[in-house]
Amino acid sequence: MMKKLSLTLMSLAMAFVGLAQTPCSQLNASMTYTQSSNTVTITNTSTLPTGGTSPSSWAYAAWGDGSYGYPSPTANHTYLTNGTFTIALYQMWMDSLVGNSVFCSDTAYQTVTITTAPPPAPNCTFNISTVNNGSGSYTFTAAGATTSMTYSWTFGDGGTATGNPVTHTYVNTGSYNVMAVGTGSGCTYTDTTMVYYNGSTPTSNEISGYIVYDSAVLNNVTGPLSFKVWLIQSSYDSATNSAVLTAVDSLTTNATPWASYQFNNKAAGTYYTKAAVAPGSTNPGLIPTYHNSSAMWANANAINHTGGSSLYKTILMISGTPTSGPGFIGGNVSQGANKGTAGNIANLLILLRDASHNVIASTYTDVNGNYSFGSVAYGTYSVYPEEMNYATTPSNSMTIGGGVLSFNGVDFEKNSTTIVPKATAIKDVINNVFSIFPNPTKGLVNIHWKNGVSGNAQIIISDLSGRMVYNKNAATNAATQINLNNLNQGVYFIKINTERGQYTERVILQ
């Protein structure tokens, strides 16, 4: 399935023009691919708009494992692990129409499965860092490989070089795809990056890039969309003999539908960037995302900043999957015994993943450490708390369906270096007694009693302060409907007493 994107690069002083005024509808991304063992080669077969005054185009591909490349028209990638991966080809097109610069994009997807051949040795992997020396001169360094490597370079303008680092000077302004092929003992690895030379003077010690997202999400935004961006530095902790990530700077950027970010005067070192919808903006379903496109810090791409300018560190925001169903998943996160005084963990990012471990939704714990996902569609899910420097063990899989609509009590504890499920987590025994839907609700709540439940049940509803707002006895031989339209929006607790015991379930009133 293809999704239309309509984008504006603020840093290039472009102004957005509606699709109705542009030939963006003629842009169709497509690709073909071939596979040899664990190496996949894609060919860009996209159709570009015709006509225009000064058209240009470029494309890049996200390989589905955190890596990306620039097919022009082909690109290849060697996967380091087996599994099923979704390749996304982003085809860009730009032109000057109606006195404004129009920037639009279309995306094509291809799924590949890797099951054959051992992967290359992981110590061959590296990342290209770029330093803009000014006047078209750039220094490129392949950093990260821990084995002896030899490197060959192509610079996108016909120039080549060998060695590491290398310096190349561009004569003409434009966009160039830079590729390095590193060869070591028994392994080969390739990395690519883009250079946009516009003749300007670089900013000293700059780390900058763009925030890109599917413009379809703008249908769910009623006002300006802002992003908060963090710059995170990696340092070595001799006490634990490990790297520690620390947020050292942040900014808020306002731009629709593209956003740019820039951090200046940053010393050489290893960095990461992360973007999330800023507080106060309506989140259209975008997941907090690290560069290049990872919801989890452990899989994020490092930025090896050697000084000068580290440019084009794009953050491809992960779009959540819109879902509408009768399901509910919720729980709590508290401190573990070895963290000191026990207590609830507030403002912790919680990710909801599907059966393929793709992140489809996110939320944060409240002041009491509670979180919830409502309107969950039928399917299989797991919960993954995410915080820098902590190793997370996700919850067991949970399946919404087959009469089971709610999992309440998917609880975790946060220890000194880990976040792990509690032994008592996923209390689905409640589903053997009754189910509550829809949850969240806009007013009407239905209680469906399961077979084996008889007699009357007492239903008590209270708000977060414990104040009782509803009290009723109901027969269990037929479904019960409760009208909450007279209550304010928020979280409520429904306590149900039956002959089989007492149960409490949370419900969200929207």
# chains A, B, ... in the order shown; residues from 1 in each chain; ligands from 1
call {"tool": "residues_around", "arguments": {"residues": "A:Thr160", "least_positions_apart": "5", "cutoff": "10 Å", "atoms": "only C-alpha atoms", "output": "MDAnalysis selection string"}}
result
chainID A and resid 152:155 166 168 178:180
call {"tool": "residues_around", "arguments": {"residues": "stretch 398-404 of chain A", "least_positions_apart": "2", "cutoff": "12 Å", "atoms": "only C-alpha atoms", "output": "ChimeraX atom specification"}}
result
/A:325-330,352-355,374-383,394-396,406-410,425-437,448-451
call {"tool": "select_by_dssp", "arguments": {"residues": "stretch 150-351 of chain A", "states": "strand (DSSP E or B)", "output": "JSON list (two decimals) with C-alpha atoms, in the first residue's frame"}}
result
[["chain", "number", "residue", "atom", "x", "y", "z"],
["A", 150, "THR", "CA", 40.14, -1.17, 3.96],
["A", 151, "TYR", "CA", 37.72, 1.37, 2.48],
["A", 152, "SER", "CA", 36.80, 2.45, -1.05],
["A", 153, "TRP", "CA", 34.64, 5.54, -1.61],
["A", 154, "THR", "CA", 32.40, 6.99, -4.32],
["A", 160, "THR", "CA", 36.46, 8.09, -5.95],
["A", 161, "ALA", "CA", 39.03, 7.52, -3.22],
["A", 162, "THR", "CA", 40.44, 4.90, -0.88],
["A", 166, "VAL", "CA", 39.01, 10.91, 3.07],
["A", 167, "THR", "CA", 38.38, 14.48, 1.88],
["A", 168, "HIS", "CA", 36.55, 15.41, -1.31],
["A", 169, "THR", "CA", 35.67, 18.78, -2.86],
["A", 174, "GLY", "CA", 23.65, 19.88, -5.60],
["A", 175, "SER", "CA", 22.76, 16.63, -3.82],
["A", 176, "TYR", "CA", 25.29, 13.77, -3.82],
["A", 177, "ASN", "CA", 25.09, 10.16, -2.65],
["A", 178, "VAL", "CA", 28.29, 9.13, -0.85],
["A", 179, "MET", "CA", 29.07, 5.42, -0.47],
["A", 180, "ALA", "CA", 31.81, 3.62, 1.46],
["A", 181, "VAL", "CA", 32.55, -0.10, 1.06],
["A", 182, "GLY", "CA", 34.62, -1.55, 3.88],
["A", 183, "THR", "CA", 36.33, -4.91, 3.54],
["A", 184, "GLY", "CA", 37.82, -6.82, 6.47],
["A", 187, "CYS", "CA", 33.37, -9.68, 5.83],
["A", 188, "THR", "CA", 32.23, -6.70, 3.76],
["A", 189, "TYR", "CA", 30.00, -3.83, 4.86],
["A", 190, "THR", "CA", 28.51, -0.84, 2.99],
["A", 191, "ASP", "CA", 27.20, 2.46, 4.33],
["A", 192, "THR", "CA", 25.85, 5.53, 2.54],
["A", 193, "THR", "CA", 25.07, 9.13, 3.35],
["A", 194, "MET", "CA", 23.85, 12.23, 1.49],
["A", 195, "VAL", "CA", 25.60, 15.57, 0.98],
["A", 196, "TYR", "CA", 23.63, 18.70, 0.08],
["A", 197, "TYR", "CA", 26.14, 21.33, -1.04],
["A", 206, "GLU", "CA", 26.82, 21.41, 14.16],
["A", 207, "ILE", "CA", 24.55, 18.37, 14.51],
["A", 208, "SER", "CA", 21.42, 18.84, 12.43],
["A", 209, "GLY", "CA", 18.79, 17.06, 10.40],
["A", 210, "TYR", "CA", 15.13, 16.80, 9.53],
["A", 211, "ILE", "CA", 12.04, 15.20, 11.04],
["A", 212, "VAL", "CA", 10.03, 13.37, 8.38],
["A", 226, "SER", "CA", 5.42, 20.89, 17.06],
["A", 227, "PHE", "CA", 8.20, 18.45, 17.90],
["A", 228, "LYS", "CA", 10.55, 18.29, 20.84],
["A", 229, "VAL", "CA", 14.00, 17.04, 19.87],
["A", 230, "TRP", "CA", 16.63, 15.77, 22.29],
["A", 231, "LEU", "CA", 20.37, 15.54, 21.73],
["A", 232, "ILE", "CA", 21.70, 12.56, 23.67],
["A", 233, "GLN", "CA", 25.39, 11.95, 24.33],
["A", 234, "SER", "CA", 26.98, 8.57, 24.96],
["A", 235, "SER", "CA", 29.75, 8.44, 27.58],
["A", 236, "TYR", "CA", 31.71, 5.61, 29.17],
["A", 237, "ASP", "CA", 30.99, 4.66, 32.78],
["A", 242, "SER", "CA", 29.29, 0.29, 29.86],
["A", 243, "ALA", "CA", 28.05, 3.25, 27.84],
["A", 244, "VAL", "CA", 25.59, 5.65, 29.47],
["A", 245, "LEU", "CA", 23.20, 7.85, 27.47],
["A", 246, "THR", "CA", 22.45, 11.34, 28.79],
["A", 247, "ALA", "CA", 20.23, 14.04, 27.26],
["A", 248, "VAL", "CA", 22.50, 17.09, 26.98],
["A", 249, "ASP", "CA", 20.33, 19.49, 24.96],
["A", 250, "SER", "CA", 16.82, 19.86, 23.58],
["A", 251, "LEU", "CA", 14.75, 22.18, 21.43],
["A", 252, "THR", "CA", 11.22, 22.58, 20.09],
["A", 253, "THR", "CA", 10.70, 22.99, 16.36],
["A", 254, "ASN", "CA", 7.51, 24.16, 14.68],
["A", 259, "ALA", "CA", 10.56, 20.01, 10.63],
["A", 260, "SER", "CA", 14.27, 20.73, 10.91],
["A", 261, "TYR", "CA", 16.51, 20.74, 13.97],
["A", 262, "GLN", "CA", 20.02, 22.00, 14.65],
["A", 263, "PHE", "CA", 22.34, 21.82, 17.66],
["A", 269, "GLY", "CA", 31.72, 12.45, 20.50],
["A", 270, "THR", "CA", 29.00, 9.86, 20.01],
["A", 271, "TYR", "CA", 25.45, 11.23, 20.01],
["A", 272, "TYR", "CA", 21.87, 10.16, 19.40],
["A", 273, "THR", "CA", 18.82, 12.25, 18.54],
["A", 274, "LYS", "CA", 15.19, 11.62, 19.46],
["A", 275, "ALA", "CA", 11.98, 13.41, 18.47],
["A", 276, "ALA", "CA", 8.46, 13.32, 19.89],
["A", 277, "VAL", "CA", 5.33, 15.39, 19.43],
["A", 286, "LEU", "CA", 3.36, 9.45, 15.88],
["A", 287, "ILE", "CA", 5.59, 7.32, 18.12],
["A", 289, "THR", "CA", 11.45, 8.02, 17.50],
["A", 290, "TYR", "CA", 15.25, 7.94, 17.54],
["A", 294, "SER", "CA", 13.72, 3.34, 15.98],
["A", 303, "ILE", "CA", 25.89, 9.80, 15.27],
["A", 304, "ASN", "CA", 29.69, 9.74, 15.34],
["A", 305, "HIS", "CA", 30.37, 13.48, 15.52],
["A", 309, "SER", "CA", 29.22, 19.57, 10.78],
["A", 310, "SER", "CA", 27.27, 16.34, 11.19],
["A", 315, "ILE", "CA", 14.52, 11.12, 12.00],
["A", 316, "LEU", "CA", 11.87, 9.08, 10.16],
["A", 318, "ILE", "CA", 7.19, 5.94, 13.23],
["A", 319, "SER", "CA", 3.47, 6.20, 12.57],
["A", 327, "GLY", "CA", -10.09, -4.37, 23.51],
["A", 328, "PHE", "CA", -8.38, -2.86, 26.55],
["A", 329, "ILE", "CA", -4.83, -3.37, 27.84],
["A", 330, "GLY", "CA", -3.57, -1.63, 30.96],
["A", 331, "GLY", "CA", -1.28, -1.93, 33.94],
["A", 332, "ASN", "CA", 1.16, -0.23, 36.29],
["A", 333, "VAL", "CA", 4.90, 0.40, 36.59],
["A", 334, "SER", "CA", 6.47, 0.63, 40.05],
["A", 335, "GLN", "CA", 9.97, 0.73, 41.47],
["A", 344, "ASN", "CA", 5.02, 4.35, 41.23],
["A", 349, "LEU", "CA", 7.01, 5.75, 27.82],
["A", 350, "ILE", "CA", 4.97, 2.58, 27.18],
["A", 351, "LEU", "CA", 4.91, 0.98, 23.72]]
call {"tool": "closest_residue", "arguments": {"among": "A:Thr498, A:Thr314, A:Ser30, A:Asn485", "to": "A:Asn44", "atoms": "only C-alpha atoms"}}
result
A:Ser30
call {"tool": "residues_around", "arguments": {"residues": "A:Gly443", "least_positions_apart": "5", "cutoff": "8 Å", "atoms": "only C-alpha atoms", "output": "list in words"}}
result
Asn483, Leu484, Asn485, Leu509 and Gln510 of chain A
call {"tool": "write_last_selection", "arguments": {"atoms": "N, CA and C atoms", "output": "PDB file, in the first residue's frame"}}
result
ATOM      1  N   ASN A 483     -25.123   4.204  31.458  1.00  0.00           N
ATOM      2  CA  ASN A 483     -24.991   5.491  30.777  1.00  0.00           C
ATOM      3  C   ASN A 483     -24.170   6.434  31.656  1.00  0.00           C
ATOM      4  N   LEU A 484     -22.985   6.837  31.163  1.00  0.00           N
ATOM      5  CA  LEU A 484     -22.102   7.727  31.919  1.00  0.00           C
ATOM      6  C   LEU A 484     -22.032   9.121  31.306  1.00  0.00           C
ATOM      7  N   ASN A 485     -23.004   9.480  30.504  1.00  0.00           N
ATOM      8  CA  ASN A 485     -22.968  10.766  29.814  1.00  0.00           C
ATOM      9  C   ASN A 485     -23.008  11.961  30.765  1.00  0.00           C
ATOM     10  N   LEU A 509     -13.482   7.447  30.005  1.00  0.00           N
ATOM     11  CA  LEU A 509     -14.608   8.184  29.439  1.00  0.00           C
ATOM     12  C   LEU A 509     -14.057   9.340  28.616  1.00  0.00           C
ATOM     13  N   GLN A 510     -14.334   9.329  27.316  1.00  0.00           N
ATOM     14  CA  GLN A 510     -13.823  10.377  26.421  1.00  0.00           C
ATOM     15  C   GLN A 510     -14.891  11.425  26.150  1.00  0.00           C
TER      16      GLN A 510
END
call {"tool": "residues_around", "arguments": {"residues": "stretch 61-77 of chain A", "least_positions_apart": "5", "cutoff": "8 Å", "atoms": "only C-alpha atoms", "output": "list in words"}}
result
Thr39, Val40, Thr41, Ile42, Thr43, Asn44, Thr45, Phe85, Thr86, Ile87, Ala88, Leu89, Tyr90, Asn177, Thr190, Asp191, Thr192, Thr193, Asn292, Ser293, Ser294, Asn299, Ala300 and Asn301 of chain A
call {"tool": "residues_around", "arguments": {"residues": "stretch 468-472 of chain A", "least_positions_apart": "2", "cutoff": "12 Å", "atoms": "only C-alpha atoms", "output": "PyMOL selection string"}}
result
chain A and resi 456-466+474-475+480-488+492-497
call {"tool": "closest_residue", "arguments": {"among": "A:Tyr213, A:Tyr170, A:Tyr79, A:Tyr384", "to": "A:Asp106", "atoms": "only C-alpha atoms"}}
result
A:Tyr213
call {"tool": "closest_residue", "arguments": {"among": "A:Leu225, A:Val507, A:Met149, A:Ala478", "to": "A:Ser185", "atoms": "only C-alpha atoms"}}
result
A:Met149
call {"tool": "decode", "arguments": {"residues": "stretch 357-372 of chain A", "atoms": "N, CA, C and O atoms", "output": "PDB file, in the first residue's frame"}}
result
ATOM      1  N   HIS A 357       6.069  -7.563  16.572  1.00  0.00           N
ATOM      2  CA  HIS A 357       6.878  -6.647  17.382  1.00  0.00           C
ATOM      3  C   HIS A 357       6.988  -5.258  16.770  1.00  0.00           C
ATOM      4  O   HIS A 357       7.894  -4.492  17.129  1.00  0.00           O
ATOM      5  N   ASN A 358       6.087  -4.906  15.837  1.00  0.00           N
ATOM      6  CA  ASN A 358       6.026  -3.545  15.331  1.00  0.00           C
ATOM      7  C   ASN A 358       5.289  -2.668  16.343  1.00  0.00           C
ATOM      8  O   ASN A 358       4.239  -3.060  16.863  1.00  0.00           O
ATOM      9  N   VAL A 359       5.823  -1.480  16.615  1.00  0.00           N
ATOM     10  CA  VAL A 359       5.180  -0.571  17.556  1.00  0.00           C
ATOM     11  C   VAL A 359       3.988   0.080  16.868  1.00  0.00           C
ATOM     12  O   VAL A 359       4.124   0.684  15.797  1.00  0.00           O
ATOM     13  N   ILE A 360       2.795  -0.042  17.463  1.00  0.00           N
ATOM     14  CA  ILE A 360       1.591   0.494  16.837  1.00  0.00           C
ATOM     15  C   ILE A 360       0.973   1.625  17.641  1.00  0.00           C
ATOM     16  O   ILE A 360       0.140   2.373  17.124  1.00  0.00           O
ATOM     17  N   ALA A 361       1.361   1.782  18.912  1.00  0.00           N
ATOM     18  CA  ALA A 361       0.803   2.859  19.728  1.00  0.00           C
ATOM     19  C   ALA A 361       1.734   3.116  20.903  1.00  0.00           C
ATOM     20  O   ALA A 361       2.559   2.268  21.268  1.00  0.00           O
ATOM     21  N   SER A 362       1.618   4.299  21.479  1.00  0.00           N
ATOM     22  CA  SER A 362       2.428   4.648  22.645  1.00  0.00           C
ATOM     23  C   SER A 362       1.614   5.500  23.601  1.00  0.00           C
ATOM     24  O   SER A 362       0.653   6.158  23.202  1.00  0.00           O
ATOM     25  N   THR A 363       2.013   5.465  24.860  1.00  0.00           N
ATOM     26  CA  THR A 363       1.404   6.311  25.872  1.00  0.00           C
ATOM     27  C   THR A 363       2.426   6.485  26.991  1.00  0.00           C
ATOM     28  O   THR A 363       3.542   5.966  26.906  1.00  0.00           O
ATOM     29  N   TYR A 364       2.058   7.247  28.024  1.00  0.00           N
ATOM     30  CA  TYR A 364       2.940   7.456  29.172  1.00  0.00           C
ATOM     31  C   TYR A 364       2.191   7.086  30.455  1.00  0.00           C
ATOM     32  O   TYR A 364       0.954   7.213  30.527  1.00  0.00           O
ATOM     33  N   THR A 365       2.934   6.638  31.455  1.00  0.00           N
ATOM     34  CA  THR A 365       2.307   6.359  32.741  1.00  0.00           C
ATOM     35  C   THR A 365       1.895   7.667  33.399  1.00  0.00           C
ATOM     36  O   THR A 365       2.544   8.708  33.231  1.00  0.00           O
ATOM     37  N   ASP A 366       0.805   7.615  34.185  1.00  0.00           N
ATOM     38  CA  ASP A 366       0.341   8.813  34.885  1.00  0.00           C
ATOM     39  C   ASP A 366       1.062   8.948  36.222  1.00  0.00           C
ATOM     40  O   ASP A 366       2.026   8.223  36.509  1.00  0.00           O
ATOM     41  N   VAL A 367       0.615   9.880  37.071  1.00  0.00           N
ATOM     42  CA  VAL A 367       1.308  10.150  38.330  1.00  0.00           C
ATOM     43  C   VAL A 367       1.281   8.944  39.260  1.00  0.00           C
ATOM     44  O   VAL A 367       2.103   8.848  40.181  1.00  0.00           O
ATOM     45  N   ASN A 368       0.346   8.028  39.037  1.00  0.00           N
ATOM     46  CA  ASN A 368       0.257   6.820  39.860  1.00  0.00           C
ATOM     47  C   ASN A 368       0.953   5.621  39.220  1.00  0.00           C
ATOM     48  O   ASN A 368       0.841   4.494  39.723  1.00  0.00           O
ATOM     49  N   GLY A 369       1.658   5.856  38.115  1.00  0.00           N
ATOM     50  CA  GLY A 369       2.341   4.764  37.426  1.00  0.00           C
ATOM     51  C   GLY A 369       1.439   3.926  36.549  1.00  0.00           C
ATOM     52  O   GLY A 369       1.880   2.896  36.021  1.00  0.00           O
ATOM     53  N   ASN A 370       0.199   4.335  36.354  1.00  0.00           N
ATOM     54  CA  ASN A 370      -0.753   3.556  35.563  1.00  0.00           C
ATOM     55  C   ASN A 370      -0.700   3.955  34.086  1.00  0.00           C
ATOM     56  O   ASN A 370      -0.410   5.114  33.745  1.00  0.00           O
ATOM     57  N   TYR A 371      -0.986   3.022  33.207  1.00  0.00           N
ATOM     58  CA  TYR A 371      -1.090   3.286  31.770  1.00  0.00           C
ATOM     59  C   TYR A 371      -2.221   2.447  31.216  1.00  0.00           C
ATOM     60  O   TYR A 371      -2.661   1.464  31.834  1.00  0.00           O
ATOM     61  N   SER A 372      -2.698   2.811  30.028  1.00  0.00           N
ATOM     62  CA  SER A 372      -3.756   2.019  29.402  1.00  0.00           C
ATOM     63  C   SER A 372      -3.807   2.299  27.907  1.00  0.00           C
ATOM     64  O   SER A 372      -3.454   3.386  27.444  1.00  0.00           O
TER      65      SER A 372
END
